[in-house]
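Each remark here refers to the structure printed beneath this line.
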Amino acid sequence: VGAATDFPVRVNQLGYLPDGPKRATVVSSATAPLAWQLRDSSGAQVAAGTTTVHGADQASGQSTHLVDFGAYTGAGSGFTLVVGGLASHPFDISASLYDGLRADSLNFFYQQRSGIAIDAALAGGSAYARPAGHLGVAPNKGDTSVPCQTGVCDYRLDVRGGWYDAGDQGKYVVNGGIATWELVNSFERARRSGGDAALGDSTLRVPERGNGVPDVLDEARWELEFLLRMQVPDGKPLAGMAFHKIHDAQWTGLPTRPELDDQQRELHKPSTAATLNLAATAAQCARVYAPYDSAFAARCLDAARRAWTAARANPNVLAPPSDSTGGGAYEDADVSDEFYWAAAELLATTGESQYRDAVTSSPLHTKPVDAFWWGGTATLGRITLATVPGVALPADDVTRLRGLLTTAADGYLSTMGEGYAVPLAADAYVWGSNSSVANNAMVMAVAYELTGATRYRTGALETMDYLLGRNALDRSYVSGYGERASENEHHRFWAHQNDASLPHPPAGSFAGGPDAGLEDPVAKAQLAGCAPAACYLDDIGSYSTNEVAINWNASLAWLSAFAAERRAT
Ligand code: 9MR
């Protein structure tokens with residue numbers, strides 16, 4: 001599990017930005033400050049100082065000291081931080097530190113694409129190439145003509161394309177929704193800050209390079225086209241709603257290559273939550289794609305309006321927790337947040353009073369900002385309303401929303417006053433905790449955009465430090481980034497740990513992270529008694545701590561793009 005003493009000097013194993021915060025955590029029970037030295041790649045000391053004693057870190061239970069070497073502004077590679085004769089992993093200090101991760105965390109989505117052959121040249125080598133999956137070519141039985149589960153519908157639908165959700169090959173509208181929103185929002189945010197060129201045409205490894213459309217939008221469109229296909233056609237019962245999900249009738253084993261999956265694929269009952277995810281992301285699509293493809297934007301807006309109307313007519317069709325055979329349930333018993341989010345996106349795109357009324361009459365409109373995740377999406381709507389220029393709300397209402405977001409960001413900053421600076425409470429290490437951490441950092445980054453206050457950028461960047469190695473396990477949770485990075489994430493194709501002929505997950509794949517609930521057999525067997533922040537295993541079998549997922553990688557991609565932007569000091 002990575003003993004606390006292996007490498008007690010915990011750093012961001014990728015490194016630090018010259019103009020960013022530079023702190024590390026040392027595991028030590030010493031009650032007096034310790035001397036530290038920063039050494040360059042030749043071993044020469046370039047800075048020195050003494051630690052601050054922090055004491056017990058709540059989430060890990062470890063005794064900690066803090067090192068702040070932020071006064072050092074040099075750059076280079078191969079730095080080490082040495083405390084008591086023990087060196088950290090080597091790291092860089094570089095202005096281009098996050099450029100690679102910005103691209104690789106987005107390339108993950110290309111590699112998760114269903115219904116298209118994955119090209120070695122785009123995927124980082126022949127090990128990652130594979131034939132198209134789920135186009136109805138034997139032994140595949142989907143996804144070009146998919147029946148419903150018994151009793152749900154009496155027709156078939158073409159729902160090809162989209163991204164596989166995670167280590168499994170299901171496609172779930174609620175999780176596709178938040179992941180798509182984050183990618184498109186990343187572009188919208190970058191455009192406001194002047195950083196969108198880095199996500200523009202021919203910047204990423206996608207097949208649509210060179211088509212005149214920003215590559216991040218090309219990638220998101222692959223999923224948007226799938227989400228649009230999941231809408232119940234006109235003339236059918238529940239027209240305008242979205243099917244909740246499509247996946248295999250039975251869970252497949254590890255490994256299962258997508259093109260060799262022989263399970264029957266099935267559409268599961270439409271849900272209000274899925275319908276509102278479609279309404280929100282299609283409304284966002286209409287706004288953001290309009291300058292590049294007005295016909296596509298119009299198609300999105302029409303789908304969004306129809307989804308909204310259908311959700312209003314069917315406001316309580318809930319996906320049940322029991323529906324988890326062959327795929328995840330993505331159950332949701334409260335869709336008030338999805339209503340708020342969809343209304344916010346439709347308002348930001350159209351300015352129409354019907355959507356404004358839905359926003360302002362929602363109790364969520366004035367409530368404190370809560371953490372967002374696939375089952376709780378109100379804050380996505382709040383971010384849109386607070387940041388998109390010209391939203392048709394009274395100015396004082398927008399000001400109030402901005403205040404609620406910065407208040408939430410300040411809350412995350414105070415949570416970061418622990419031994420490991422993580423914007424997550426010690427009791428919140430749940431399934432996918434790394435995405436909770438990254439999503440909270442996104443709120444800090446939004447607060448930075450809204451206020452320009454450096455402390456918020458510092459919070460977002462120090463969150464990257466946590467994810468990339470400054471943590472209880474001395475672990476980078478991002479494949480390919482850092483000396484001790486995760487490499488055995490749970491996945492049916494990147495299943496090297498189970499089958500040496502298959503690859504490890506590609507660089508930029510983001511592990512779910514510590515889950516104190518011990519929700520899989522491997523975690524239960526090996527992690528009993530773990531402190532919350534240490535409940536993690538780099539084992540392909542530990543799907544509750546070590547899976548990858550589109551919603552999680554989307555948060556990482558958003559944050560990486562933010563961190564990679566060049567900013568004046
Ligand atoms: O991310 C989901 C997490 O919040 C839930 O607690 C967990 C159990 O229901 O499911 C997670 O989502 C998984 C989905 O159900 C199936 N594909 C893989 C997802 C990531 O583990």
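Here's how to read the names in the structure tokens: chain A, B, ... by the order shown, residue numbers from 1 in each chain, ligand numbers from 1 in the order shown.
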
Exercise for review: Considering only C-alpha atoms, return as a list in words whatever protein or nucleic-acid residues lie within 9 Å of Asn471 in chain A, sequence-local ones (same chain, fewer than 4 positions apart) excluded.
Suggested key: Arg10, Val11, Asn12, Thr25, Ser60, Gly419, Tyr420, Ala421, Val422, Asp465, Tyr466, Leu467, Arg475, Ser476, Ala533 and Ala534 of chain A

Selection export as an mmCIF file, in the first residue's frame, atoms kept: N, CA and C atoms:
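Result file follows (result_33.cif):
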data_model
loop_
_atom_site.group_PDB
_atom_site.id
_atom_site.type_symbol
_atom_site.label_atom_id
_atom_site.label_comp_id
_atom_site.auth_asym_id
_atom_site.auth_seq_id
_atom_site.Cartn_x
_atom_site.Cartn_y
_atom_site.Cartn_z
ATOM 1 N N ARG A 10 6.755 14.178 0.280
ATOM 2 C CA ARG A 10 5.695 14.029 -0.726
ATOM 3 C C ARG A 10 5.570 15.306 -1.559
ATOM 4 N N VAL A 11 5.806 15.129 -2.846
ATOM 5 C CA VAL A 11 5.776 16.267 -3.773
ATOM 6 C C VAL A 11 4.808 15.970 -4.916
ATOM 7 N N ASN A 12 4.505 16.987 -5.676
ATOM 8 C CA ASN A 12 3.879 16.783 -6.977
ATOM 9 C C ASN A 12 4.948 16.124 -7.848
ATOM 10 N N THR A 25 4.762 17.953 1.527
ATOM 11 C CA THR A 25 4.399 17.440 2.848
ATOM 12 C C THR A 25 5.419 16.375 3.229
ATOM 13 N N SER A 60 -5.503 11.044 6.637
ATOM 14 C CA SER A 60 -4.526 9.959 6.529
ATOM 15 C C SER A 60 -4.082 9.436 7.887
ATOM 16 N N GLY A 419 -2.603 18.599 6.594
ATOM 17 C CA GLY A 419 -1.229 18.176 6.297
ATOM 18 C C GLY A 419 -1.019 17.936 4.812
ATOM 19 N N TYR A 420 -2.011 17.350 4.172
ATOM 20 C CA TYR A 420 -2.028 17.293 2.711
ATOM 21 C C TYR A 420 -3.103 18.275 2.290
ATOM 22 N N ALA A 421 -2.780 19.187 1.441
ATOM 23 C CA ALA A 421 -3.722 20.252 1.093
ATOM 24 C C ALA A 421 -4.736 19.723 0.087
ATOM 25 N N VAL A 422 -5.810 19.133 0.591
ATOM 26 C CA VAL A 422 -6.839 18.526 -0.265
ATOM 27 C C VAL A 422 -8.164 19.232 -0.014
ATOM 28 N N ASP A 465 -1.256 19.165 -7.056
ATOM 29 C CA ASP A 465 -0.154 18.554 -6.302
ATOM 30 C C ASP A 465 -0.642 17.287 -5.592
ATOM 31 N N TYR A 466 -1.824 17.398 -4.968
ATOM 32 C CA TYR A 466 -2.390 16.227 -4.274
ATOM 33 C C TYR A 466 -2.590 15.071 -5.255
ATOM 34 N N LEU A 467 -3.193 15.357 -6.395
ATOM 35 C CA LEU A 467 -3.538 14.286 -7.338
ATOM 36 C C LEU A 467 -2.300 13.662 -7.963
ATOM 37 N N ARG A 475 1.557 8.816 -4.224
ATOM 38 C CA ARG A 475 1.036 8.187 -5.432
ATOM 39 C C ARG A 475 0.555 9.246 -6.418
ATOM 40 N N SER A 476 0.997 9.171 -7.657
ATOM 41 C CA SER A 476 0.340 9.955 -8.693
ATOM 42 C C SER A 476 -0.815 9.123 -9.221
ATOM 43 N N ALA A 533 -7.938 8.477 3.369
ATOM 44 C CA ALA A 533 -7.138 8.910 2.226
ATOM 45 C C ALA A 533 -6.164 7.845 1.752
ATOM 46 N N ALA A 534 -6.100 6.722 2.479
ATOM 47 C CA ALA A 534 -5.180 5.645 2.096
ATOM 48 C C ALA A 534 -5.919 4.415 1.581
#

I'd like the contact shell of Asp143 in chain A - 6 Å cut-off, only C-alpha atoms, skipping same-chain residues fewer than 5 positions apart - returned as a PDB file with N, CA and C atoms, in the first residue's frame.
ATOM      1  N   HIS A 134     -18.890  -2.344 -31.082  1.00  0.00           N
ATOM      2  CA  HIS A 134     -20.339  -2.141 -30.952  1.00  0.00           C
ATOM      3  C   HIS A 134     -20.970  -1.446 -32.151  1.00  0.00           C
ATOM      4  N   LEU A 135     -20.623  -1.969 -33.352  1.00  0.00           N
ATOM      5  CA  LEU A 135     -21.295  -1.499 -34.574  1.00  0.00           C
ATOM      6  C   LEU A 135     -22.142  -2.619 -35.179  1.00  0.00           C
ATOM      7  N   VAL A 159     -28.116   3.666 -31.484  1.00  0.00           N
ATOM      8  CA  VAL A 159     -27.445   4.506 -30.470  1.00  0.00           C
ATOM      9  C   VAL A 159     -25.934   4.260 -30.517  1.00  0.00           C
ATOM     10  N   ARG A 160     -25.432   4.150 -31.727  1.00  0.00           N
ATOM     11  CA  ARG A 160     -23.986   3.947 -31.900  1.00  0.00           C
ATOM     12  C   ARG A 160     -23.204   5.152 -31.388  1.00  0.00           C
TER      13      ARG A 160
END

Exercise for review: Check which residues fall inside 8 Å of ligand 1 when counting only C-alpha atoms and all ligand atoms, and print them as a list in words.
Suggested key: Asp165, Ala166, Gly167, Asp168, Gln169, Gly170, Pro321, Ser324, Gly327, Gly328, Ala329, Tyr330, Glu331, Trp373, Trp374, Gly375, Val430, Trp431, Gly432, Gly512, Tyr543, Ser544, Glu547, Val548, Ala549 and Asn551 of chain A

Exercise for review: Determine, counting only C-alpha atoms, which protein, DNA and RNA residues have an atom within 12 Å of an atom of Tyr448 in chain A; residues of the same chain fewer than 2 positions away are not included. Present the result as JSON, numbers by chain.
Suggested key: {"A": [189, 193, 387, 402, 405, 406, 407, 409, 410, 441, 442, 443, 444, 445, 446, 450, 451, 452, 453, 454, 455, 456, 457, 458, 459, 460, 461, 562, 563, 567]}

Please produce a file of those selected residues containing N, CA and C atoms, as a tab-separated table (two decimals), in the first residue's frame.
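Result file is result27.tsv:
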chain	number	residue	atom	x	y	z
A	189	ARG	N	-14.64	28.40	-20.89
A	189	ARG	CA	-13.82	29.11	-19.92
A	189	ARG	C	-12.51	29.59	-20.54
A	193	SER	N	-10.75	33.44	-21.10
A	193	SER	CA	-9.46	33.85	-20.54
A	193	SER	C	-8.39	33.98	-21.62
A	387	THR	N	-20.85	32.87	-15.07
A	387	THR	CA	-19.67	33.15	-15.90
A	387	THR	C	-19.98	33.51	-17.36
A	402	ARG	N	-22.32	34.74	-7.98
A	402	ARG	CA	-20.84	34.77	-7.96
A	402	ARG	C	-20.34	34.73	-6.52
A	405	LEU	N	-20.47	31.25	-5.19
A	405	LEU	CA	-19.37	30.41	-5.70
A	405	LEU	C	-18.05	30.73	-4.99
A	406	THR	N	-17.77	32.01	-4.78
A	406	THR	CA	-16.50	32.34	-4.11
A	406	THR	C	-16.56	31.93	-2.64
A	407	THR	N	-17.73	31.98	-2.03
A	407	THR	CA	-17.86	31.50	-0.64
A	407	THR	C	-17.54	30.00	-0.58
A	409	ALA	N	-15.67	28.39	-2.66
A	409	ALA	CA	-14.22	28.26	-2.91
A	409	ALA	C	-13.43	28.55	-1.63
A	410	ASP	N	-13.86	29.54	-0.87
A	410	ASP	CA	-13.18	29.83	0.40
A	410	ASP	C	-13.31	28.66	1.37
A	441	ALA	N	-11.81	21.70	-6.92
A	441	ALA	CA	-10.77	22.60	-7.44
A	441	ALA	C	-11.29	23.43	-8.61
A	442	MET	N	-12.18	22.85	-9.40
A	442	MET	CA	-12.78	23.62	-10.49
A	442	MET	C	-13.53	24.84	-9.94
A	443	VAL	N	-14.21	24.66	-8.82
A	443	VAL	CA	-14.93	25.80	-8.22
A	443	VAL	C	-13.93	26.88	-7.78
A	444	MET	N	-12.78	26.45	-7.26
A	444	MET	CA	-11.75	27.44	-6.91
A	444	MET	C	-11.25	28.16	-8.17
A	445	ALA	N	-11.08	27.41	-9.24
A	445	ALA	CA	-10.61	28.03	-10.49
A	445	ALA	C	-11.65	29.01	-11.03
A	446	VAL	N	-12.92	28.67	-10.88
A	446	VAL	CA	-13.99	29.60	-11.30
A	446	VAL	C	-13.92	30.87	-10.44
A	450	LEU	N	-13.50	34.75	-11.51
A	450	LEU	CA	-14.46	35.78	-11.13
A	450	LEU	C	-13.82	36.93	-10.35
A	451	THR	N	-12.78	36.64	-9.59
A	451	THR	CA	-12.23	37.66	-8.68
A	451	THR	C	-10.80	38.06	-9.00
A	452	GLY	N	-10.04	37.20	-9.67
A	452	GLY	CA	-8.62	37.45	-9.87
A	452	GLY	C	-7.78	37.24	-8.62
A	453	ALA	N	-8.38	36.78	-7.54
A	453	ALA	CA	-7.62	36.60	-6.28
A	453	ALA	C	-6.71	35.38	-6.37
A	454	THR	N	-5.42	35.60	-6.14
A	454	THR	CA	-4.42	34.54	-6.32
A	454	THR	C	-4.68	33.30	-5.47
A	455	ARG	N	-5.28	33.50	-4.29
A	455	ARG	CA	-5.45	32.33	-3.41
A	455	ARG	C	-6.28	31.22	-4.07
A	456	TYR	N	-7.18	31.60	-4.97
A	456	TYR	CA	-8.01	30.57	-5.61
A	456	TYR	C	-7.19	29.79	-6.65
A	457	ARG	N	-6.34	30.49	-7.38
A	457	ARG	CA	-5.47	29.77	-8.32
A	457	ARG	C	-4.54	28.85	-7.55
A	458	THR	N	-4.02	29.36	-6.43
A	458	THR	CA	-3.16	28.54	-5.57
A	458	THR	C	-3.89	27.28	-5.14
A	459	GLY	N	-5.15	27.42	-4.74
A	459	GLY	CA	-5.92	26.25	-4.30
A	459	GLY	C	-6.10	25.24	-5.42
A	460	ALA	N	-6.40	25.73	-6.61
A	460	ALA	CA	-6.59	24.82	-7.74
A	460	ALA	C	-5.28	24.10	-8.09
A	461	LEU	N	-4.17	24.84	-8.08
A	461	LEU	CA	-2.88	24.22	-8.43
A	461	LEU	C	-2.41	23.26	-7.34
A	562	PHE	N	-6.75	24.51	-17.34
A	562	PHE	CA	-6.63	25.72	-16.51
A	562	PHE	C	-5.18	25.90	-16.05
A	563	ALA	N	-4.59	24.84	-15.55
A	563	ALA	CA	-3.22	24.93	-15.01
A	563	ALA	C	-2.21	25.21	-16.11
A	567	ARG	N	0.05	32.39	-17.33
A	567	ARG	CA	-0.54	33.51	-16.61
A	567	ARG	C	0.56	34.43	-16.12

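As for CA of Leu468 in chain A and CA of Gly200 in chain A, they are spaced 26.0 Å apart.
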
Exercise for review: Please return as a PyMOL selection string: the residues of range 106-210 of chain A that backbone DSSP assigns to helix (DSSP H, G or I).
Suggested key: chain A and resi 106-111+120-123+126-128+173-193+196-199

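Picture a line from CA of Phe510 in chain A to CA of Ala198 in chain A; it runs 21.0 Å.
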
Practice item. Would you mind listing what lies within 6 Å of Ala47 in chain A as a ChimeraX atom specification, with only C-alpha atoms counted and same-chain residues fewer than 2 positions away left out? Key: /A:37-38,45
